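Comments concern the structure below.
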Amino acid sequence: MVELVWLIPALPLVGFLVLVFFGRRLGEPVAGWLGTVTVSLSFLVAVVVYFGLRTQPDRTYEVSFFTWIPAGRFQVDFGFLLDPLSMTMVLFVTGIAALIHLYSIGYMHGDRDFPRFFTYLNLFVFSMLMLVLGDNLVLTFLGWEGVGACSYFLVSFWFTKDANASAGKKAFITNRIGDWGFMVGIFAAFFAFGTVKYTEMLPLAPGLAVGAATFIAAMLLIGAIGKSAQFPLFVWLPDAMVGPTPVSALIHAATMVTAGVYLLVRVNPVLAASADWLPQLIAWLGVLTALFAATIAIAQTDIKKVLAYSTISQLGYMFLAVGTGAYAAAIFHMITHAFFKALMFLGAGSVIHGMHDEQDMRRMGALRKVMPITAGTFLVGALAISGVPPFSGFWSKDEILSFALHDNPALYVVGLFTAGLTAFYIFRLVFMTFYGDARWGASIDAEIAAKEAHMVGADDTEVADGAEPEPSAVAVLTDTHHDDHHGGAPHESPWPMTVPLVVLAIGAAFMGFINLPFSSSLEFLTNWLEPVTGANETVFELSTAKLLAELAISTTVALLGITLAYFVYLRHKLDPKRIELPFFAHGWHIDSSIAAFAGGPGRKLFELASLFDRVVIDGAVNGVGRATRGGAARLRHVQSGYVRAYALMIAIGAVLIVAFVLTQVTF
Amino acid sequence: MEVTTSWYLALGAVLFTIGAVGLLVRRNPLVMFMCVELMLNAVNLTFVAFGAALGDLGGQVSVFFVLVVAAAEVVVGLGLVVAVARRKPGATADDITLLRG
Amino acid sequence: MVEVIVFVACAAVVLGGAVGVVVSRNPVHSALSLVATLFGIAVLFVSLEAHLLAAVQVIVYAGAIVILFLFVIMLLGVDRAEDLETEPIAGQRVLAVASGIGILGASLLAFFALAGDDLITGQPGAIQAITDEVPNVEAVGELLFTDYIAAFEITGVLLTIAVVAAVLMVRKPPASVVEDDEPPNALEEVELTRQAASDAAAQARAEAEAEAEAAAAERKAAAADDTEQADEADDEDKAEVD
C-alpha cells in the first residue's frame with residue numbers, strides 16, 4: 001500500500017501536463033473537472049497510503065527513485081520520506097486542494113482563462129507535495145520554489161491590470177529574500193553534516209556544535225519567515241489578495257504559507273541543538289507578529305484583507321508553538337487553521353461572487369438572509385478561529401497558549417490578548433457582512449461611487465510616481481473577471497461552491513477532537529507525530545485544575561471579543577472610529593515607509609552599489625584589458641625590426657643559459 | 001710545456017667570441033656572414049680537438065658535414081643578399097625592418 | 001717544443017685574421033683577413049692529424065666560399081666603406097661586448113676552473129679509433145661511405161636544393177608576373193622611381209639625339225646647298241671663262 005506514494009504527486013503532475021497542452025482545447029468545464037479529478041484521486045491514494053503507513057516500522061517509509069545530483073561528495077537523490085509529519089501534510093493538502101478545485105469550477109465560471117487557472121492549480125499541488133514528501137533539503141527547496149512560482153502565476157492571474165501584476169511580483173520578490181536564507185541554510189547544512197538528506201542528517205544534529213546548529217537554523221528561519229509571511233517579510237500577503245479567491249484560500253491560507261512552519265518542524269533536531277536564544281526569538285517573533293497583524297485586521301474594510309491579516313496572525317501562533325518546542329501543537333493548529341481559514345476564504349469568495357464582485361464590507365450587510373449556506377458555514381469558521389469550544393480552533397489555540405504559559409508568562413499574556421482581538425475582528429467581519437442592515441442598493445451605491453471616483457484619481461497619480469500605491473484597505477480591490485450578468489440583488493452560490501463550504505465546515509467543527517488535552521490517550525496527533533517530534537517536544541505536567549482554568553480563561557476572552565464586536569457593529573453603542581484607527585488601517589505605515597526608503601535614502605544606497613559595480617568591478621575587468629593593451633604597446637617596441645638587436649637577445653640568452661647550466665652541472 | 005686539448009678549446013672559444021661580437025656589431029651583411037664563418041670554424045676546431053683527444057674519427061666526420069652545410073648556407077645567404085641589394089643598393093642589415101612590431 | 005711554436009704562431013694568425021674581419025672598414029679587407037684565419041685553422045687541423053679536413057678546408061672554404069664572397073662584393077659594389085662610427089641601436093655595442101665576454105668567460109671557466117683534469121667526458125673510440133696504420137684520408141673516406149652514408153647522401157641533396165634556391169632567388173621576375181593592383185611597397189617604389197628616372201633619362205637622350213640628328217641634317221642640307229651654290233657659281237664662273 002505504501003509503495004503507491006509515488007502516485008500522490010504524479011496525478012497532479014499528469015493533470016498539469018495534460019492541461020498545459022490541451023487545456024484550451026478542453027475548455028470549460030472539462031478542464032476544471034480534469035483538475036479536480038486528479039487531485040481528488042491523489043487524496044484517495046493518500047488515504048490508502050495512510051493505512052499502509054500505520055503498519056510500517058517507526059511509521060516511516062523511505063523510497064528513492066533515482067540519483068538527481070551526483071556531484072562528487074554532494075549526492076542528492078530524488079526520493080520520498082513518508083513519515084507521520086509528511087503523511088499528515090499530504091492528507092490535508094490534497095483534501096483541501098480537491099475541495100478548492102471543485103469550488104473553483106463554480107467561482108471561475110465564465111472566465112476566459114478558465115483552463116489556465118486549473119493548469120496552475122494542479123502544478124501548485126504537485127509542487128506542494130514535492131515540498132512535503134521530499135526526503136532532502138534540496139527536493140524540499142524544489143517544491144518551495146515551485147509553490148512560489150505558482151503563487152506568482154496565480155496571484156497575477158488577471159495580469160492585464162497593473163496592480164495585479166505588481167502584487168505578483170511583490171510576492172515573488174519578498175519570497176526570494178527568504179529563499180536566500182533557505183539556500184544559505186542548505187549550504188551550511190551540507191557543510192556541517194556532509195549530507196542534506198533528512199534521515200542521514202537529523203540523527204547527527206545532537207552532536208553538532210551550537211554555533212553551527214544556530215546558524216543553520218537561523219538561515220532556515222529566514223526562509224520560513226518569507227514563506228509564512230511573518231514580520232518583516234509579510235508585506236506580500238495582503239497584496240496577494242488581488243488573486244482569485246480560491247487561490248487565496250488554497251495558497252495563502254491552507255498550504256503554501258504553512259511550508260515555513262513545516263520546514264521548522266522537519267528540522268526540529270537542529271533547532272533543539274541550537275543556542276537557547278533562537279527558539280526564544282522564534283516564539284517572540286511569532287507572538288508579536290500575531291498581535292501586530294491582529295491590530296491591522298481590526299481596521300480593514302476589504303473582506304479579503306481582514307482574512308489575509310488574520311492568516312498572518314494565526315501563522316504567528318504556529319511560530320510561537322515552534323519556538324516553545326510544541327511541534328505537535330504547531331501542526332495541530334496548522335490543520336485546524338487550514339480548515340477554518342480555507343472555509344472562511346471560500347465563504348468570502350461566495351459573498352463576493354454573490355455580491356457581483358463587491359469586496360467592501362461597508363457595502364454589505366444582512367447577507368445571511370440571501371445566502372444562508374454561506375453565512376452558516378462562515379459562522380462555524382468564525383467560531384473556530386475565535387477559539388470558542390467545542391470548535392477546532394479552541395483546542396489547537398489553547399494548546400499553544402498552554403505551552404506558551406509554561407515557557408514564559410509574558411508570551412501567554414500577549415497570545416491571550418491577541419486571541420481576544422482575533423475574536424473581535426472576525427466577528428466584526430461577520431456582523432458587518434451577514435447581519436445588521438443591508439447597505440447595498442442603488443442610493444448607497446451612488447454615494448460610495450462618488451467617494452470612490454475621488455480615491456481612484458488619487459491612486460492613479462500615485463502609481464505614475466513609480467512608488468507602489470498604498471496597499472492598505474483604504475483602496476478597494478476588485479475581482480474584475482465577473483461581469484454583471486446576474487442583475488441587481490445578491491444571491492447564493494451554485495453547488496460546486498457550497499458543497500466544499502459544508503465539508504470544510506464539518507472539518508472546522510470537529511477537527512479539534514484529534515488532539516484533546518484531557519489525557520494522553522486522546523492526543524492522537526501528538527502520539528502519531530511522535531517518531532518525528534517526540535525527541536525534542538517539550539513535555540510538562542499539567543494538573544487537571546490548571547488545565548480547566550486555562551480552558552475557561554480562553555473561552556472567556558473569546559466571548560469578550562465577540563461581545564465587544566456585537567456592541568460596536570450590531571448595536572452601534574460605540575463609535576467604530578475609536579477602534580479602527582487609521583494607523584492600523586494603513587498597516588502601521590510599513591508599506592509606505594518601505595516605498596519611501598527605497599525611493600529616497602534607499603535609492604542612494606542602490607546607486608552606490610551600482611557605482612561600485614560600474615567603477616570597481618567593471619573597472620577591474622576593463623582595467624585588465626587596458627593594462628594588457630598598455631603593456632603590449634610598450635612591449636612591442638622590443639620587436640624593433642633590427643635583426644642585430646634580435647641577434648643580441650639570442651646571444652644574451654645563450655650566455656644566461658650556459659651560466660645556469662654551469663651552476664647545475666657537477667664535474 | 002705541452003700543447004694539450006685545452007689550448008685548442010681555449011683558442012676555439014676566443015675565436016667564437018670574436019665572431020659573435022663581430023656579428024652583433026657590424027652592419028654590412030657580407031661582413032656579418034664572414035663573422036658567422038668565423039664562429040663555424042671555431043666549432044670545427046673544437047670538434048677536431050675533441051676527436052683527437054678521444055681517438056675517435058667521429059669528430060672529423062662531423063666537421064665534414066658542418067663544412068658542407070656551411071657552404072650551402074653561404075650560397076643561399078648570398079643569394080638573399082643579392083636579391084635585397086638589387087632592390088635597395090647600399091642596404092645594410094639595419095635597413096630591413098619591415099617586420100617591426 | 002716545435003708543437004708549441006707552431007700552435008702559438010697559428011693562433012696568432014687565426015686571431016689576427018679574426019680581429020681583422022671584425023674591424024676592417026672595407027669588406028674586401030675583411031675577406032682577405034678571413035682567408036688568413038682559414039689558413040691558420042687548416043694548419044691547426046694538420047697538427048691534430050686531420051689531414052683530409054685540412055685539405056678540404058683550404059679547397060672549399062678558402063678556395064670557394066671566400067671567392068664567392070668576393071664575387072658578391074664586386075658585383076654589388078658594397079666595397080664602399082661602412083660607417084663604423086655610428087651605431088643606430090642604443091646599447092648594442094656595450095651589450096655585444098658584454099655577451100662576448102660572458103661567452104668567453106663561461107667557456108674558459110668550464111674548461112679550466114671547473115673541469116680541470118676531467119675535461120674529456122666522452123667515450124674514446126666509439127665509432128672508429130684513430131690508428132696510425134691507415135692514412136687519415138682513407139680512414140675518413142671509409143667512415144663516410146659506410147657508417148655515415150645516409151648523411152652523406154642527404155648532404156648531396158641539400159647542396160642541390162641550395163643551388164636551386166639560389167638560382168630562383170636571384171632571378172628577375174618577368175614583368176607579367178608583377179601584380180599591378182597592389183600598391184608598390186617601399187622597395188618596389190624605389191625601383192619604380194629609378195626605372196621612371198632611367199626611362200626619362202633615356203627619353204631625354206633620345207630626344208637629344210633626334211635633335212642632334214636634325215641639326216646635323218640641317219647642317220648637311222645647308223652644306224649641300226652651299227656646295228650646290230658653289231658648284232653653280234663654279235659652273236657660272238666656268239661658263240664665263242669659256
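Ligands are numbered from 1 in the order shown, chains are lettered A, B, ... in the order of the C-alpha cells, and residues start at 1 in each chain.
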Proximity of chain B to chain A: per-residue shortest pair, 9 Å limit, only C-alpha atoms, as a Markdown table:
```
| residue | atom | partner | partner_atom | distance |
| --- | --- | --- | --- | --- |
| B:Ala20 | CA | A:Ala651 | CA | 8.0 |
| B:Leu23 | CA | A:Arg644 | CA | 7.8 |
| B:Leu24 | CA | A:Arg644 | CA | 5.6 |
| B:Val25 | CA | A:Arg644 | CA | 7.7 |
| B:Arg26 | CA | A:Arg644 | CA | 8.6 |
| B:Arg27 | CA | A:Arg644 | CA | 8.0 |
| B:Ala93 | CA | A:Val643 | CA | 6.7 |
| B:Asp94 | CA | A:Tyr642 | CA | 5.6 |
| B:Asp95 | CA | A:Tyr642 | CA | 7.9 |
| B:Ile96 | CA | A:Gly641 | CA | 7.2 |
| B:Thr97 | CA | A:Gly641 | CA | 4.2 |
| B:Leu98 | CA | A:Gly641 | CA | 6.6 |
| B:Leu99 | CA | A:Gly641 | CA | 5.5 |
| B:Arg100 | CA | A:Gly641 | CA | 3.9 |
| B:Gly101 | CA | A:Gln639 | CA | 5.1 |
```
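The list of chain B residues within 6 Å of chain C is B:Thr17, B:Val21, B:Gly22, B:Leu54, B:Gly55, B:Asp56, B:Leu57, B:Ala72, B:Val76, B:Gly79, B:Ala83, B:Arg87; this uses only C-alpha atoms.
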What would the file look like if the residues just selected were written as a PDB file, in the first residue's frame with C-alpha atoms?
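Output saved as part-v4.pdb:
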```pdb
ATOM      1  CA  THR B  17      83.668  35.149 -29.164  1.00  0.00           C
ATOM      2  CA  VAL B  21      80.825  40.153 -31.246  1.00  0.00           C
ATOM      3  CA  GLY B  22      81.567  40.910 -34.865  1.00  0.00           C
ATOM      4  CA  LEU B  54      89.300  10.770 -27.661  1.00  0.00           C
ATOM      5  CA  GLY B  55      90.992   8.981 -30.546  1.00  0.00           C
ATOM      6  CA  ASP B  56      87.674   8.992 -32.391  1.00  0.00           C
ATOM      7  CA  LEU B  57      87.231   9.754 -36.072  1.00  0.00           C
ATOM      8  CA  ALA B  72      75.127  25.546 -48.655  1.00  0.00           C
ATOM      9  CA  VAL B  76      71.602  30.659 -50.064  1.00  0.00           C
ATOM     10  CA  GLY B  79      71.620  34.812 -52.896  1.00  0.00           C
ATOM     11  CA  ALA B  83      68.232  39.867 -54.029  1.00  0.00           C
ATOM     12  CA  ARG B  87      66.245  46.424 -54.941  1.00  0.00           C
TER      13      ARG B  87
END
```
Quiz item: Can you tell me, as a PyMOL selection string, what residues are no more than 9 Å from range 49-61 of chain A when counting only C-alpha atoms, ignoring any on the same chain fewer than 5 positions away?
Solution: chain A and resi 1-5+44+80-84+87-88+91+528+531
Would you write out those residues with N, CA and C atoms, as an mmCIF file, in the first residue's frame?
```
data_model
loop_
_atom_site.group_PDB
_atom_site.id
_atom_site.type_symbol
_atom_site.label_atom_id
_atom_site.label_comp_id
_atom_site.auth_asym_id
_atom_site.auth_seq_id
_atom_site.Cartn_x
_atom_site.Cartn_y
_atom_site.Cartn_z
ATOM 1 N N MET A 1 0.835 -1.210 0.000
ATOM 2 C CA MET A 1 0.000 0.000 0.000
ATOM 3 C C MET A 1 0.867 1.257 0.000
ATOM 4 N N VAL A 2 1.901 1.192 0.818
ATOM 5 C CA VAL A 2 2.744 2.391 0.945
ATOM 6 C C VAL A 2 3.474 2.697 -0.349
ATOM 7 N N GLU A 3 3.723 1.645 -1.147
ATOM 8 C CA GLU A 3 4.508 1.881 -2.359
ATOM 9 C C GLU A 3 3.782 2.784 -3.331
ATOM 10 N N LEU A 4 2.471 2.973 -3.123
ATOM 11 C CA LEU A 4 1.717 3.826 -4.037
ATOM 12 C C LEU A 4 1.988 5.306 -3.812
ATOM 13 N N VAL A 5 2.899 5.599 -2.879
ATOM 14 C CA VAL A 5 3.114 7.009 -2.544
ATOM 15 C C VAL A 5 3.507 7.830 -3.769
ATOM 16 N N LEU A 44 -7.433 10.267 -2.453
ATOM 17 C CA LEU A 44 -7.854 8.893 -2.137
ATOM 18 C C LEU A 44 -6.646 7.988 -1.975
ATOM 19 N N PHE A 80 11.396 10.034 -1.643
ATOM 20 C CA PHE A 80 10.346 10.496 -0.730
ATOM 21 C C PHE A 80 10.592 9.961 0.661
ATOM 22 N N LEU A 81 10.309 10.781 1.639
ATOM 23 C CA LEU A 81 10.333 10.353 3.030
ATOM 24 C C LEU A 81 8.909 10.437 3.535
ATOM 25 N N LEU A 82 8.298 9.282 3.719
ATOM 26 C CA LEU A 82 6.918 9.269 4.168
ATOM 27 C C LEU A 82 6.936 8.933 5.647
ATOM 28 N N ASP A 83 6.748 9.952 6.481
ATOM 29 C CA ASP A 83 6.653 9.695 7.911
ATOM 30 C C ASP A 83 5.416 10.433 8.424
ATOM 31 N N PRO A 84 5.112 10.323 9.709
ATOM 32 C CA PRO A 84 3.857 10.916 10.182
ATOM 33 C C PRO A 84 3.686 12.379 9.780
ATOM 34 N N MET A 87 2.971 12.602 6.029
ATOM 35 C CA MET A 87 1.664 11.983 5.740
ATOM 36 C C MET A 87 0.547 12.932 6.132
ATOM 37 N N THR A 88 0.685 13.544 7.310
ATOM 38 C CA THR A 88 -0.345 14.476 7.764
ATOM 39 C C THR A 88 -0.506 15.625 6.773
ATOM 40 N N LEU A 91 -2.166 14.560 3.538
ATOM 41 C CA LEU A 91 -3.606 14.336 3.654
ATOM 42 C C LEU A 91 -4.384 15.639 3.587
ATOM 43 N N TRP A 528 0.758 10.303 17.181
ATOM 44 C CA TRP A 528 1.028 9.935 15.789
ATOM 45 C C TRP A 528 2.335 10.554 15.308
ATOM 46 N N PRO A 531 7.329 9.792 16.218
ATOM 47 C CA PRO A 531 8.630 9.469 15.605
ATOM 48 C C PRO A 531 9.361 10.697 15.075
#
```
From the list A:Met334, A:Ala595, A:Leu204, A:Val665, the nearest residue to chain C using only C-alpha atoms is A:Val665
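When only C-alpha atoms are used to measure the gap to Gly58 in chain B, the shortest distance among C:Ala113, C:Ala90, C:Ala9, C:Glu142 belongs to C:Glu142.
Interatomic distance, CA of His101 in chain A against CA of Thr255 in chain A: 13.7 Å.
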With distances taken over only C-alpha atoms, the candidate from C:Ile67, C:Val157, C:Val137, C:Ala110 nearest chain A is C:Ala110
